[in-house]
$ cat protein_12.txt   # compact mmCIF, C-alpha atoms
# COMPACT_ATOMS: atom_id res chain seq x y z
CA MET L 1 -95.88 -71.71 11.54
CA ALA L 2 -95.77 -72.07 15.30
CA ARG L 3 -98.34 -74.03 17.25
CA SER L 4 -100.71 -72.31 19.67
CA GLU L 5 -100.81 -75.19 22.19
CA SER L 6 -97.72 -75.83 24.30
CA ARG L 7 -95.69 -79.00 23.92
CA ASN L 8 -93.66 -81.15 26.29
CA ILE L 9 -90.04 -79.94 26.29
CA GLY L 10 -88.63 -82.81 28.36
CA ILE L 11 -88.31 -80.85 31.61
CA THR L 12 -91.03 -80.83 34.25
CA LEU L 13 -92.04 -77.16 34.15
CA GLU L 14 -95.25 -75.21 33.93
CA ALA L 15 -95.90 -74.07 30.38
CA PRO L 16 -96.48 -70.32 29.97
CA LYS L 17 -100.12 -69.25 29.99
CA GLU L 18 -99.63 -66.93 27.01
CA ALA L 19 -99.20 -68.25 23.47
CA CYS L 20 -96.64 -66.92 21.01
CA ASN L 21 -95.77 -67.30 17.33
CA ASP L 22 -92.02 -67.56 17.92
CA LEU L 23 -90.42 -70.49 16.06
CA ASN L 24 -87.53 -70.46 18.56
CA CYS L 25 -89.81 -70.86 21.58
CA PRO L 26 -89.29 -74.19 23.40
CA PHE L 27 -93.02 -74.43 24.23
CA HIS L 28 -94.78 -73.10 21.11
CA GLY L 29 -92.09 -73.43 18.45
CA THR L 30 -89.68 -76.08 17.23
CA LEU L 31 -86.68 -75.39 19.50
CA SER L 32 -85.50 -78.51 21.33
CA ILE L 33 -83.97 -78.23 24.80
CA ARG L 34 -81.00 -80.37 25.87
CA GLY L 35 -77.88 -80.13 27.97
CA ARG L 36 -77.11 -77.75 30.79
CA GLN L 37 -79.56 -75.72 32.89
CA PHE L 38 -78.82 -72.62 34.98
CA THR L 39 -80.71 -70.18 37.18
CA GLY L 40 -79.79 -66.51 36.94
CA THR L 41 -80.98 -62.91 36.96
CA VAL L 42 -81.86 -60.92 33.86
CA ALA L 43 -79.27 -58.13 33.72
CA SER L 44 -80.52 -56.60 30.47
CA ALA L 45 -83.55 -57.16 28.25
CA LYS L 46 -83.04 -54.29 25.81
CA MET L 47 -82.46 -56.45 22.72
CA ASP L 48 -85.28 -57.90 20.62
CA LYS L 49 -86.11 -61.43 21.88
CA THR L 50 -82.72 -61.58 23.64
CA ALA L 51 -81.79 -61.08 27.28
CA VAL L 52 -78.48 -61.06 29.13
CA ILE L 53 -78.52 -63.42 32.12
CA GLU L 54 -76.02 -63.09 34.95
CA PHE L 55 -75.25 -65.60 37.68
CA GLY L 56 -72.52 -65.90 40.28
CA ARG L 57 -70.13 -68.78 40.78
CA LEU L 58 -67.15 -69.61 42.98
CA PHE L 59 -63.74 -70.12 41.37
CA PHE L 60 -61.03 -71.97 43.32
CA LEU L 61 -57.57 -70.38 43.43
CA LYS L 62 -55.10 -73.21 43.93
CA LYS L 63 -52.22 -70.98 45.07
CA TYR L 64 -54.18 -69.39 47.94
CA GLU L 65 -56.48 -72.38 48.59
CA ARG L 66 -59.50 -70.10 48.59
CA TYR L 67 -62.48 -69.29 46.46
CA GLU L 68 -63.23 -66.02 44.69
CA LYS L 69 -66.57 -64.82 43.39
CA ARG L 70 -66.93 -64.52 39.63
CA ARG L 71 -69.87 -63.62 37.41
CA THR L 72 -70.96 -65.29 34.20
CA LYS L 73 -73.01 -63.42 31.61
CA LEU L 74 -74.88 -65.31 28.89
CA LYS L 75 -77.04 -64.07 26.04
CA VAL L 76 -80.24 -66.11 25.95
CA HIS L 77 -83.39 -66.24 23.84
CA ASN L 78 -86.34 -64.51 25.52
CA PRO L 79 -89.59 -65.84 23.95
CA ASP L 80 -92.63 -63.55 23.73
CA CYS L 81 -94.72 -65.88 25.92
CA ILE L 82 -92.25 -65.60 28.84
CA ASN L 83 -91.08 -61.99 28.20
CA ALA L 84 -88.66 -61.67 31.15
CA LYS L 85 -87.78 -58.14 32.31
CA GLU L 86 -84.65 -56.79 34.03
CA GLY L 87 -84.37 -58.07 37.60
CA ASP L 88 -86.37 -61.27 37.04
CA VAL L 89 -84.92 -64.55 38.26
CA VAL L 90 -85.22 -67.08 35.43
CA LYS L 91 -84.33 -70.67 34.60
CA ILE L 92 -82.48 -71.18 31.31
CA ALA L 93 -81.71 -74.33 29.35
CA GLU L 94 -79.25 -75.12 26.58
CA SER L 95 -80.42 -75.49 22.99
CA ARG L 96 -78.88 -75.55 19.55
CA PRO L 97 -76.99 -72.35 18.62
CA LEU L 98 -79.53 -69.67 17.71
CA SER L 99 -76.87 -67.12 16.71
CA LYS L 100 -73.15 -66.51 17.14
CA THR L 101 -73.53 -65.90 20.90
CA LYS L 102 -76.95 -67.40 21.80
CA SER L 103 -77.21 -71.09 22.71
CA PHE L 104 -79.64 -70.90 25.63
CA ALA L 105 -83.35 -70.12 26.00
CA ILE L 106 -85.40 -68.95 28.97
CA VAL L 107 -87.78 -71.73 29.99
CA GLN L 108 -89.28 -70.39 33.24
CA LYS L 109 -89.68 -67.12 35.12
CA LEU L 110 -89.16 -67.76 38.87
CA GLY L 111 -89.81 -64.26 40.28
CA ALA L 112 -88.02 -60.95 40.88
CA GLU L 113 -84.70 -60.47 42.65
CA LYS L 114 -84.82 -58.25 45.74
CA GLY L 115 -82.54 -55.22 45.62
CA PHE L 116 -81.73 -55.60 41.92
CA LYS L 117 -82.08 -51.89 41.08
CA GLU L 118 -79.86 -50.85 43.99
CA LYS L 119 -77.20 -53.36 42.96
CA MET L 120 -77.16 -52.10 39.37
CA GLN L 121 -77.01 -48.46 40.52
CA ALA L 122 -74.07 -49.27 42.80
CA ARG L 123 -72.21 -50.91 39.88
CA GLU L 124 -72.82 -47.90 37.64
CA SER L 125 -71.65 -45.44 40.31
CA ALA L 126 -68.51 -47.55 40.89
CA LYS L 127 -67.76 -47.39 37.14
CA ILE L 128 -68.22 -43.60 37.13
CA GLU L 129 -65.95 -43.16 40.18
CA ALA L 130 -63.24 -45.34 38.62
CA LYS L 131 -63.39 -43.28 35.43
CA LYS L 132 -63.12 -40.03 37.43
CA GLU L 133 -60.07 -41.35 39.29
CA GLU L 134 -58.48 -42.36 35.99
CA ILE L 135 -59.04 -38.87 34.56
CA THR L 136 -57.59 -37.14 37.64
CA LYS L 137 -54.47 -39.35 37.54
CA LYS L 138 -54.04 -38.56 33.85
CA GLU L 139 -54.35 -34.81 34.52
CA GLU L 140 -51.81 -35.01 37.38
CA THR L 141 -49.26 -36.77 35.18
CA GLU L 142 -49.79 -34.14 32.45
CA ARG L 143 -49.20 -31.32 34.99
CA ALA L 144 -46.06 -33.05 36.23
CA ASP L 145 -44.78 -33.36 32.65
CA THR L 146 -45.39 -29.68 31.92
CA ARG L 147 -43.50 -28.59 35.11
CA SER L 148 -40.34 -30.50 34.24
$ encode --input "protein_12.txt" --output "structure tokens"
Amino acid sequence: MARSESRNIGITLEAPKEACNDLNCPFHGTLSIRGRQFTGTVASAKMDKTAVIEFGRLFFLKKYERYEKRRTKLKVHNPDCINAKEGDVVKIAESRPLSKTKSFAIVQKLGAEKGFKEKMQARESAKIEAKKEEITKKEETERADTRS
């Protein structure tokens, strides 16, 4: 039985205005927040009470003495009172493991990322083009095999 009033989660944040009956909500349920905190963009919110958060980081390559961009994707709990959608910039905090892959919860919605839809469409079109190239290479090798 979740509480309707919000509670102090140990981080100075604004509590959501909406109430929820989620036991795994940091504000209205019993989920305690501890450990690491990240800020990222919601890449997918198609699952029930779960979102995929994506954020960029720089990885140092010792051999070339340079940095490369890498992306990290995390599955996080998306409480009903916050209800983040795709393209929203959110703050997440670590909690106890909620499932095999979920150990974070969304604690604050910061706004929407500009150009999110265009970025996702560009990624999808790049995947389609790579698949087309792979198919054409496969067909060319099959034609070469049949000629010899």
$ residues_around --input "protein_12.txt" --residues "region 44-57 of chain L" --least-positions-apart "6" --cutoff "9 Å" --atoms "only C-alpha atoms" --output "VMD selection string"
chain L and resid 38 68 to 80 83 to 87 89 to 90 92 102 105 to 106
$ atom_distance --input "protein_12.txt" --atom1 "CA of Arg36 (chain L)" --atom2 "CA of Ser103 (chain L)"
10.5 Å
$ residues_around --input "protein_12.txt" --residues "Cys81 (chain L)" --least-positions-apart "5" --cutoff "7 Å" --atoms "only C-alpha atoms" --output "PyMOL selection string"
chain L and resi 16+18-20
$ closest_residue --input "protein_12.txt" --among "L:Gln37, L:Ser32, L:Ser99, L:Gln108" --to "Lys17 (chain L)" --atoms "only C-alpha atoms"
L:Gln108
$ closest_residue --input "protein_12.txt" --among "L:Thr141, L:Tyr67, L:Phe104, L:Ala130" --to "Pro26 (chain L)" --atoms "only C-alpha atoms"
L:Phe104
$ decode --input "protein_12.txt" --residues "region 17-63 of chain L" --atoms "N, CA and C atoms" --output "PDB file, in the first residue's frame"
ATOM      1  N   LYS L  17       4.206  16.304  -8.944  1.00  0.00           N
ATOM      2  CA  LYS L  17       2.919  16.835  -8.508  1.00  0.00           C
ATOM      3  C   LYS L  17       1.854  15.742  -8.461  1.00  0.00           C
ATOM      4  N   GLU L  18       1.979  14.754  -9.358  1.00  0.00           N
ATOM      5  CA  GLU L  18       1.007  13.667  -9.399  1.00  0.00           C
ATOM      6  C   GLU L  18       1.353  12.611  -8.357  1.00  0.00           C
ATOM      7  N   ALA L  19       0.348  11.932  -7.859  1.00  0.00           N
ATOM      8  CA  ALA L  19       0.548  10.823  -6.920  1.00  0.00           C
ATOM      9  C   ALA L  19       0.420   9.508  -7.688  1.00  0.00           C
ATOM     10  N   CYS L  20       1.052   8.464  -7.175  1.00  0.00           N
ATOM     11  CA  CYS L  20       0.937   7.157  -7.816  1.00  0.00           C
ATOM     12  C   CYS L  20       0.861   6.069  -6.744  1.00  0.00           C
ATOM     13  N   ASN L  21       0.435   4.892  -7.142  1.00  0.00           N
ATOM     14  CA  ASN L  21       0.316   3.762  -6.227  1.00  0.00           C
ATOM     15  C   ASN L  21       1.404   2.733  -6.467  1.00  0.00           C
ATOM     16  N   ASP L  22       2.518   3.161  -7.059  1.00  0.00           N
ATOM     17  CA  ASP L  22       3.616   2.265  -7.393  1.00  0.00           C
ATOM     18  C   ASP L  22       4.487   2.029  -6.155  1.00  0.00           C
ATOM     19  N   LEU L  23       4.656   0.776  -5.755  1.00  0.00           N
ATOM     20  CA  LEU L  23       5.510   0.477  -4.601  1.00  0.00           C
ATOM     21  C   LEU L  23       6.983   0.744  -4.889  1.00  0.00           C
ATOM     22  N   ASN L  24       7.376   0.702  -6.173  1.00  0.00           N
ATOM     23  CA  ASN L  24       8.766   0.938  -6.554  1.00  0.00           C
ATOM     24  C   ASN L  24       9.023   2.387  -6.956  1.00  0.00           C
ATOM     25  N   CYS L  25       8.170   3.291  -6.531  1.00  0.00           N
ATOM     26  CA  CYS L  25       8.381   4.720  -6.772  1.00  0.00           C
ATOM     27  C   CYS L  25       9.221   5.278  -5.628  1.00  0.00           C
ATOM     28  N   PRO L  26      10.282   6.043  -5.925  1.00  0.00           N
ATOM     29  CA  PRO L  26      11.098   6.598  -4.842  1.00  0.00           C
ATOM     30  C   PRO L  26      10.344   7.616  -3.987  1.00  0.00           C
ATOM     31  N   PHE L  27       9.346   8.292  -4.558  1.00  0.00           N
ATOM     32  CA  PHE L  27       8.632   9.348  -3.842  1.00  0.00           C
ATOM     33  C   PHE L  27       7.400   8.835  -3.108  1.00  0.00           C
ATOM     34  N   HIS L  28       6.641   7.930  -3.712  1.00  0.00           N
ATOM     35  CA  HIS L  28       5.368   7.489  -3.141  1.00  0.00           C
ATOM     36  C   HIS L  28       5.389   6.040  -2.679  1.00  0.00           C
ATOM     37  N   GLY L  29       6.458   5.321  -2.953  1.00  0.00           N
ATOM     38  CA  GLY L  29       6.561   3.922  -2.567  1.00  0.00           C
ATOM     39  C   GLY L  29       7.640   3.715  -1.526  1.00  0.00           C
ATOM     40  N   THR L  30       8.231   2.524  -1.546  1.00  0.00           N
ATOM     41  CA  THR L  30       9.221   2.169  -0.528  1.00  0.00           C
ATOM     42  C   THR L  30      10.631   2.030  -1.103  1.00  0.00           C
ATOM     43  N   LEU L  31      10.839   2.403  -2.346  1.00  0.00           N
ATOM     44  CA  LEU L  31      12.148   2.254  -2.985  1.00  0.00           C
ATOM     45  C   LEU L  31      13.131   3.284  -2.450  1.00  0.00           C
ATOM     46  N   SER L  32      14.276   2.811  -1.931  1.00  0.00           N
ATOM     47  CA  SER L  32      15.292   3.741  -1.435  1.00  0.00           C
ATOM     48  C   SER L  32      16.308   4.008  -2.541  1.00  0.00           C
ATOM     49  N   ILE L  33      16.794   5.233  -2.582  1.00  0.00           N
ATOM     50  CA  ILE L  33      17.749   5.680  -3.595  1.00  0.00           C
ATOM     51  C   ILE L  33      19.111   5.808  -2.939  1.00  0.00           C
ATOM     52  N   ARG L  34      20.139   5.273  -3.609  1.00  0.00           N
ATOM     53  CA  ARG L  34      21.517   5.379  -3.115  1.00  0.00           C
ATOM     54  C   ARG L  34      22.449   5.223  -4.289  1.00  0.00           C
ATOM     55  N   GLY L  35      23.679   5.612  -4.131  1.00  0.00           N
ATOM     56  CA  GLY L  35      24.695   5.356  -5.150  1.00  0.00           C
ATOM     57  C   GLY L  35      24.753   6.380  -6.249  1.00  0.00           C
ATOM     58  N   ARG L  36      24.994   5.891  -7.469  1.00  0.00           N
ATOM     59  CA  ARG L  36      25.298   6.755  -8.602  1.00  0.00           C
ATOM     60  C   ARG L  36      24.060   7.446  -9.172  1.00  0.00           C
ATOM     61  N   GLN L  37      24.306   8.611  -9.806  1.00  0.00           N
ATOM     62  CA  GLN L  37      23.254   9.381 -10.467  1.00  0.00           C
ATOM     63  C   GLN L  37      23.744   9.769 -11.849  1.00  0.00           C
ATOM     64  N   PHE L  38      22.864   9.694 -12.845  1.00  0.00           N
ATOM     65  CA  PHE L  38      23.197  10.053 -14.215  1.00  0.00           C
ATOM     66  C   PHE L  38      22.085  10.912 -14.792  1.00  0.00           C
ATOM     67  N   THR L  39      22.420  11.626 -15.864  1.00  0.00           N
ATOM     68  CA  THR L  39      21.443  12.372 -16.639  1.00  0.00           C
ATOM     69  C   THR L  39      21.497  11.840 -18.054  1.00  0.00           C
ATOM     70  N   GLY L  40      20.348  11.492 -18.616  1.00  0.00           N
ATOM     71  CA  GLY L  40      20.323  10.928 -19.960  1.00  0.00           C
ATOM     72  C   GLY L  40      18.999  11.205 -20.641  1.00  0.00           C
ATOM     73  N   THR L  41      18.880  10.679 -21.866  1.00  0.00           N
ATOM     74  CA  THR L  41      17.694  10.859 -22.690  1.00  0.00           C
ATOM     75  C   THR L  41      16.937   9.542 -22.782  1.00  0.00           C
ATOM     76  N   VAL L  42      15.631   9.611 -22.707  1.00  0.00           N
ATOM     77  CA  VAL L  42      14.812   8.402 -22.837  1.00  0.00           C
ATOM     78  C   VAL L  42      14.819   7.993 -24.303  1.00  0.00           C
ATOM     79  N   ALA L  43      15.389   6.818 -24.589  1.00  0.00           N
ATOM     80  CA  ALA L  43      15.450   6.311 -25.953  1.00  0.00           C
ATOM     81  C   ALA L  43      14.206   5.501 -26.293  1.00  0.00           C
ATOM     82  N   SER L  44      13.637   4.825 -25.301  1.00  0.00           N
ATOM     83  CA  SER L  44      12.444   4.028 -25.529  1.00  0.00           C
ATOM     84  C   SER L  44      11.641   3.951 -24.230  1.00  0.00           C
ATOM     85  N   ALA L  45      10.330   4.088 -24.360  1.00  0.00           N
ATOM     86  CA  ALA L  45       9.446   3.973 -23.195  1.00  0.00           C
ATOM     87  C   ALA L  45       8.286   3.041 -23.520  1.00  0.00           C
ATOM     88  N   LYS L  46       8.553   2.017 -24.319  1.00  0.00           N
ATOM     89  CA  LYS L  46       7.503   1.120 -24.787  1.00  0.00           C
ATOM     90  C   LYS L  46       7.132   0.049 -23.770  1.00  0.00           C
ATOM     91  N   MET L  47       8.019  -0.242 -22.824  1.00  0.00           N
ATOM     92  CA  MET L  47       7.743  -1.270 -21.832  1.00  0.00           C
ATOM     93  C   MET L  47       6.897  -0.703 -20.694  1.00  0.00           C
ATOM     94  N   ASP L  48       6.232  -1.583 -19.964  1.00  0.00           N
ATOM     95  CA  ASP L  48       5.385  -1.158 -18.855  1.00  0.00           C
ATOM     96  C   ASP L  48       6.252  -0.772 -17.659  1.00  0.00           C
ATOM     97  N   LYS L  49       6.170   0.489 -17.237  1.00  0.00           N
ATOM     98  CA  LYS L  49       6.915   1.037 -16.097  1.00  0.00           C
ATOM     99  C   LYS L  49       8.425   0.906 -16.250  1.00  0.00           C
ATOM    100  N   THR L  50       8.913   0.768 -17.477  1.00  0.00           N
ATOM    101  CA  THR L  50      10.347   0.668 -17.740  1.00  0.00           C
ATOM    102  C   THR L  50      10.686   1.546 -18.930  1.00  0.00           C
ATOM    103  N   ALA L  51      11.819   2.212 -18.860  1.00  0.00           N
ATOM    104  CA  ALA L  51      12.305   3.028 -19.970  1.00  0.00           C
ATOM    105  C   ALA L  51      13.768   2.683 -20.210  1.00  0.00           C
ATOM    106  N   VAL L  52      14.224   2.917 -21.440  1.00  0.00           N
ATOM    107  CA  VAL L  52      15.631   2.743 -21.774  1.00  0.00           C
ATOM    108  C   VAL L  52      16.232   4.140 -21.861  1.00  0.00           C
ATOM    109  N   ILE L  53      17.239   4.384 -21.039  1.00  0.00           N
ATOM    110  CA  ILE L  53      17.912   5.684 -20.990  1.00  0.00           C
ATOM    111  C   ILE L  53      19.253   5.551 -21.702  1.00  0.00           C
ATOM    112  N   GLU L  54      19.611   6.584 -22.455  1.00  0.00           N
ATOM    113  CA  GLU L  54      20.852   6.568 -23.209  1.00  0.00           C
ATOM    114  C   GLU L  54      21.625   7.851 -22.898  1.00  0.00           C
ATOM    115  N   PHE L  55      22.912   7.705 -22.623  1.00  0.00           N
ATOM    116  CA  PHE L  55      23.741   8.889 -22.435  1.00  0.00           C
ATOM    117  C   PHE L  55      25.124   8.622 -23.012  1.00  0.00           C
ATOM    118  N   GLY L  56      25.749   9.690 -23.479  1.00  0.00           N
ATOM    119  CA  GLY L  56      27.066   9.588 -24.101  1.00  0.00           C
ATOM    120  C   GLY L  56      28.175   9.749 -23.085  1.00  0.00           C
ATOM    121  N   ARG L  57      29.323   9.163 -23.422  1.00  0.00           N
ATOM    122  CA  ARG L  57      30.507   9.295 -22.572  1.00  0.00           C
ATOM    123  C   ARG L  57      31.734   9.244 -23.470  1.00  0.00           C
ATOM    124  N   LEU L  58      32.869   9.684 -22.956  1.00  0.00           N
ATOM    125  CA  LEU L  58      34.121   9.632 -23.694  1.00  0.00           C
ATOM    126  C   LEU L  58      34.992   8.525 -23.127  1.00  0.00           C
ATOM    127  N   PHE L  59      35.534   7.700 -24.017  1.00  0.00           N
ATOM    128  CA  PHE L  59      36.384   6.581 -23.629  1.00  0.00           C
ATOM    129  C   PHE L  59      37.785   6.850 -24.164  1.00  0.00           C
ATOM    130  N   PHE L  60      38.799   6.778 -23.299  1.00  0.00           N
ATOM    131  CA  PHE L  60      40.171   7.081 -23.689  1.00  0.00           C
ATOM    132  C   PHE L  60      40.831   5.856 -24.303  1.00  0.00           C
ATOM    133  N   LEU L  61      41.407   6.033 -25.493  1.00  0.00           N
ATOM    134  CA  LEU L  61      42.170   4.974 -26.152  1.00  0.00           C
ATOM    135  C   LEU L  61      43.644   5.250 -25.902  1.00  0.00           C
ATOM    136  N   LYS L  62      44.262   4.390 -25.115  1.00  0.00           N
ATOM    137  CA  LYS L  62      45.641   4.616 -24.692  1.00  0.00           C
ATOM    138  C   LYS L  62      46.610   4.601 -25.877  1.00  0.00           C
ATOM    139  N   LYS L  63      46.388   3.691 -26.822  1.00  0.00           N
ATOM    140  CA  LYS L  63      47.299   3.535 -27.957  1.00  0.00           C
ATOM    141  C   LYS L  63      47.362   4.812 -28.806  1.00  0.00           C
TER     142      LYS L  63
END
